[in-house]
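S.K.: File name run_23.cif; file contents mmCIF, C-alpha atoms, pLDDT in the B column; chains and numbers go by the auth columns; full text below.
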data_data
loop_
_atom_site.group_PDB
_atom_site.id
_atom_site.type_symbol
_atom_site.label_atom_id
_atom_site.label_comp_id
_atom_site.label_asym_id
_atom_site.label_seq_id
_atom_site.Cartn_x
_atom_site.Cartn_y
_atom_site.Cartn_z
_atom_site.B_iso_or_equiv
_atom_site.auth_seq_id
_atom_site.auth_asym_id
ATOM 1 C CA MET A 1 -42.700 -87.607 36.824 61.00 1 S
ATOM 2 C CA THR A 2 -40.496 -85.691 34.453 82.00 2 S
ATOM 3 C CA ALA A 3 -37.808 -87.200 32.288 80.00 3 S
ATOM 4 C CA LEU A 4 -35.093 -85.574 34.406 77.00 4 S
ATOM 5 C CA ALA A 5 -36.511 -87.066 37.598 80.00 5 S
ATOM 6 C CA ALA A 6 -36.689 -90.500 35.984 81.00 6 S
ATOM 7 C CA LEU A 7 -33.101 -90.174 34.768 79.00 7 S
ATOM 8 C CA SER A 8 -31.778 -88.994 38.131 79.00 8 S
ATOM 9 C CA ALA A 9 -32.915 -92.262 39.719 77.00 9 S
ATOM 10 C CA TYR A 10 -30.263 -94.087 37.664 77.00 10 S
ATOM 11 C CA LEU A 11 -27.416 -91.627 38.219 79.00 11 S
ATOM 12 C CA PRO A 12 -24.752 -92.713 40.694 85.00 12 S
ATOM 13 C CA GLU A 13 -24.830 -91.090 44.102 83.00 13 S
ATOM 14 C CA GLY A 14 -21.380 -89.904 44.973 81.00 14 S
ATOM 15 C CA PRO A 15 -19.467 -86.783 45.873 84.00 15 S
ATOM 16 C CA GLY A 16 -18.895 -84.332 43.049 87.00 16 S
ATOM 17 C CA TRP A 17 -19.176 -84.977 39.338 90.00 17 S
ATOM 18 C CA LEU A 18 -16.706 -87.855 39.049 91.00 18 S
ATOM 19 C CA PRO A 19 -19.271 -90.701 39.356 91.00 19 S
ATOM 20 C CA THR A 20 -21.533 -89.062 36.779 90.00 20 S
ATOM 21 C CA TRP A 21 -18.580 -88.491 34.450 93.00 21 S
ATOM 22 C CA GLN A 22 -17.528 -92.127 34.827 94.00 22 S
ATOM 23 C CA LEU A 23 -21.058 -93.176 33.876 93.00 23 S
ATOM 24 C CA ILE A 24 -21.067 -90.936 30.782 94.00 24 S
ATOM 25 C CA VAL A 25 -17.699 -92.287 29.644 96.00 25 S
ATOM 26 C CA ALA A 26 -18.826 -95.882 30.310 97.00 26 S
ATOM 27 C CA VAL A 27 -21.960 -95.429 28.198 96.00 27 S
ATOM 28 C CA THR A 28 -19.870 -93.884 25.410 96.00 28 S
ATOM 29 C CA ALA A 29 -17.420 -96.799 25.554 96.00 29 S
ATOM 30 C CA THR A 30 -20.315 -99.263 25.378 96.00 30 S
ATOM 31 C CA LEU A 31 -21.692 -97.553 22.275 94.00 31 S
ATOM 32 C CA ASN A 32 -18.196 -97.593 20.756 91.00 32 S
ATOM 33 C CA THR A 33 -17.999 -101.319 21.488 93.00 33 S
ATOM 34 C CA ILE A 34 -21.276 -101.949 19.685 93.00 34 S
ATOM 35 C CA GLY A 35 -20.045 -99.958 16.705 89.00 35 S
ATOM 36 C CA ASN A 36 -16.790 -101.899 16.517 88.00 36 S
ATOM 37 C CA LEU A 37 -18.506 -105.277 16.852 91.00 37 S
ATOM 38 C CA THR A 38 -21.030 -104.555 14.129 90.00 38 S
ATOM 39 C CA SER A 39 -18.827 -102.828 11.561 86.00 39 S
ATOM 40 C CA VAL A 40 -15.141 -102.677 10.708 86.00 40 S
ATOM 41 C CA ALA A 41 -15.724 -99.201 9.268 81.00 41 S
ATOM 42 C CA ALA A 42 -15.954 -97.701 12.760 76.00 42 S
ATOM 43 C CA SER A 43 -12.487 -98.979 13.615 79.00 43 S
ATOM 44 C CA ARG A 44 -11.123 -97.798 10.278 80.00 44 S
ATOM 45 C CA LYS A 45 -12.304 -94.272 11.086 78.00 45 S
ATOM 46 C CA LEU A 46 -10.312 -94.340 14.331 75.00 46 S
ATOM 47 C CA TYR A 47 -7.166 -95.551 12.595 72.00 47 S
ATOM 48 C CA ASN A 48 -7.395 -93.174 9.655 72.00 48 S
ATOM 49 C CA ASN A 49 -3.608 -93.040 9.092 74.00 49 S
ATOM 50 C CA ALA A 50 -3.487 -96.691 8.016 74.00 50 S
ATOM 51 C CA PRO A 51 -7.048 -97.962 7.468 72.00 51 S
ATOM 52 C CA ALA A 52 -5.806 -100.767 5.223 76.00 52 S
ATOM 53 C CA TYR A 53 -4.295 -102.498 8.261 79.00 53 S
ATOM 54 C CA VAL A 54 -7.612 -102.679 10.128 82.00 54 S
ATOM 55 C CA ASN A 55 -9.162 -106.124 9.786 86.00 55 S
ATOM 56 C CA PRO A 56 -12.181 -107.741 11.496 88.00 56 S
ATOM 57 C CA LEU A 57 -9.996 -109.428 14.133 90.00 57 S
ATOM 58 C CA GLN A 58 -8.426 -106.136 15.159 87.00 58 S
ATOM 59 C CA SER A 59 -11.848 -104.509 15.241 87.00 59 S
ATOM 60 C CA ARG A 60 -13.239 -107.202 17.557 91.00 60 S
ATOM 61 C CA THR A 61 -10.140 -107.072 19.771 91.00 61 S
ATOM 62 C CA PHE A 62 -10.507 -103.308 20.109 90.00 62 S
ATOM 63 C CA ALA A 63 -14.218 -103.776 20.887 92.00 63 S
ATOM 64 C CA ILE A 64 -13.538 -106.261 23.695 96.00 64 S
ATOM 65 C CA TRP A 65 -10.821 -104.031 25.136 95.00 65 S
ATOM 66 C CA THR A 66 -13.217 -101.073 25.103 95.00 66 S
ATOM 67 C CA LEU A 67 -15.988 -103.179 26.653 97.00 67 S
ATOM 68 C CA THR A 68 -13.644 -104.235 29.454 98.00 68 S
ATOM 69 C CA SER A 69 -12.794 -100.625 30.226 97.00 69 S
ATOM 70 C CA ALA A 70 -16.506 -99.738 30.106 97.00 70 S
ATOM 71 C CA VAL A 71 -17.306 -102.405 32.717 97.00 71 S
ATOM 72 C CA VAL A 72 -14.585 -101.045 35.001 96.00 72 S
ATOM 73 C CA ARG A 73 -15.938 -97.518 34.547 96.00 73 S
ATOM 74 C CA PHE A 74 -19.524 -98.617 35.285 95.00 74 S
ATOM 75 C CA TYR A 75 -18.305 -100.296 38.466 94.00 75 S
ATOM 76 C CA ALA A 76 -16.284 -97.242 39.467 93.00 76 S
ATOM 77 C CA ALA A 77 -19.229 -94.915 38.834 92.00 77 S
ATOM 78 C CA TYR A 78 -21.499 -96.733 41.257 90.00 78 S
ATOM 79 C CA ASN A 79 -18.847 -97.802 43.789 90.00 79 S
ATOM 80 C CA ILE A 80 -16.634 -94.720 43.897 86.00 80 S
ATOM 81 C CA GLU A 81 -16.447 -94.853 47.705 84.00 81 S
ATOM 82 C CA ASN A 82 -15.198 -98.469 47.759 78.00 82 S
ATOM 83 C CA LYS A 83 -11.433 -98.505 48.294 75.00 83 S
ATOM 84 C CA MET A 84 -11.026 -102.210 47.487 73.00 84 S
#
Do you think you could lay out the structure here as structure tokens?
M.R.:
Amino acid sequence: MTALAALSAYLPEGPGWLPTWQLIVAVTATLNTIGNLTSVAASRKLYNNAPAYVNPLQSRTFAIWTLTSAVVRFYAAYNIENKM
């Protein structure tokens, strides 16, 4: 079994590239969440115009917001056909 065959078992089955794109964006958002929860420096890089205003509370709030959007994207990637 090749690495590509093993990876394709986890890819969402849906029409076109939208489910796969949703999965890629969800994984990226999850990694961004981990970065923001572990270090304030990651959030300061995003807000480079005013990094002095970024504090740990804002970093955690941004991380939870990003995690919430990642969960929605994961759900959409695997349930793209569900209209509900």
S.K.: For the provided coordinates, the residues matched by the PyMOL selection byres ((chain S and resi 18) around 12) should be stated as a ChimeraX atom specification.
M.R.: /S:11-17,19-25,73-74,76-81
S.K.: Under the rule that all atoms listed in the file are counted, which of S:Ala6, S:Ile34, S:Val40, S:Leu67 is the nearest residue to Val54 (chain S)?
M.R.: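 Of S:Ala6, S:Ile34, S:Val40, S:Leu67, the one nearest Val54 (chain S), counting all atoms listed in the file, is S:Val40.
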S.K.: With only C-alpha atoms counted, which protein, DNA or RNA residues have an atom no more than 9 Å from (-11.0, -104.0, 11.7) in the file frame? Please answer as a VMD selection string.
M.R.: chain S and resid 36 39 to 44 51 to 62
S.K.: Determine the nearest neighbour of Tyr75 (chain S) from the options S:Leu37, S:Ala63, S:Ala50, S:Ala26, counting all atoms listed in the file.
M.R.: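 Nearest to Tyr75 (chain S): S:Ala26.
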S.K.: Would you compute the distance between CA of Asn49 (chain S) and CA of Thr30 (chain S)? Give it in Å to one decimal.
M.R.: 24.1 Å
S.K.: Quick one: pull the distance between CA of Tyr10 (chain S) and CA of Thr66 (chain S), Å, one decimal.
M.R.: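 Distance reported for this atom pair: 22.3 Å.
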S.K.: In Å, with one decimal, what is the gap from CA of Lys45 (chain S) to CA of Thr28 (chain S)?
M.R.: 16.2 Å
S.K.: Hey, which of S:Val71, S:Leu7, S:Ile64, S:Met84 ends up closest to Val27 (chain S)? Count all atoms listed in the file.
M.R.: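 Ranked by minimum distance to Val27 (chain S), first place goes to S:Val71.
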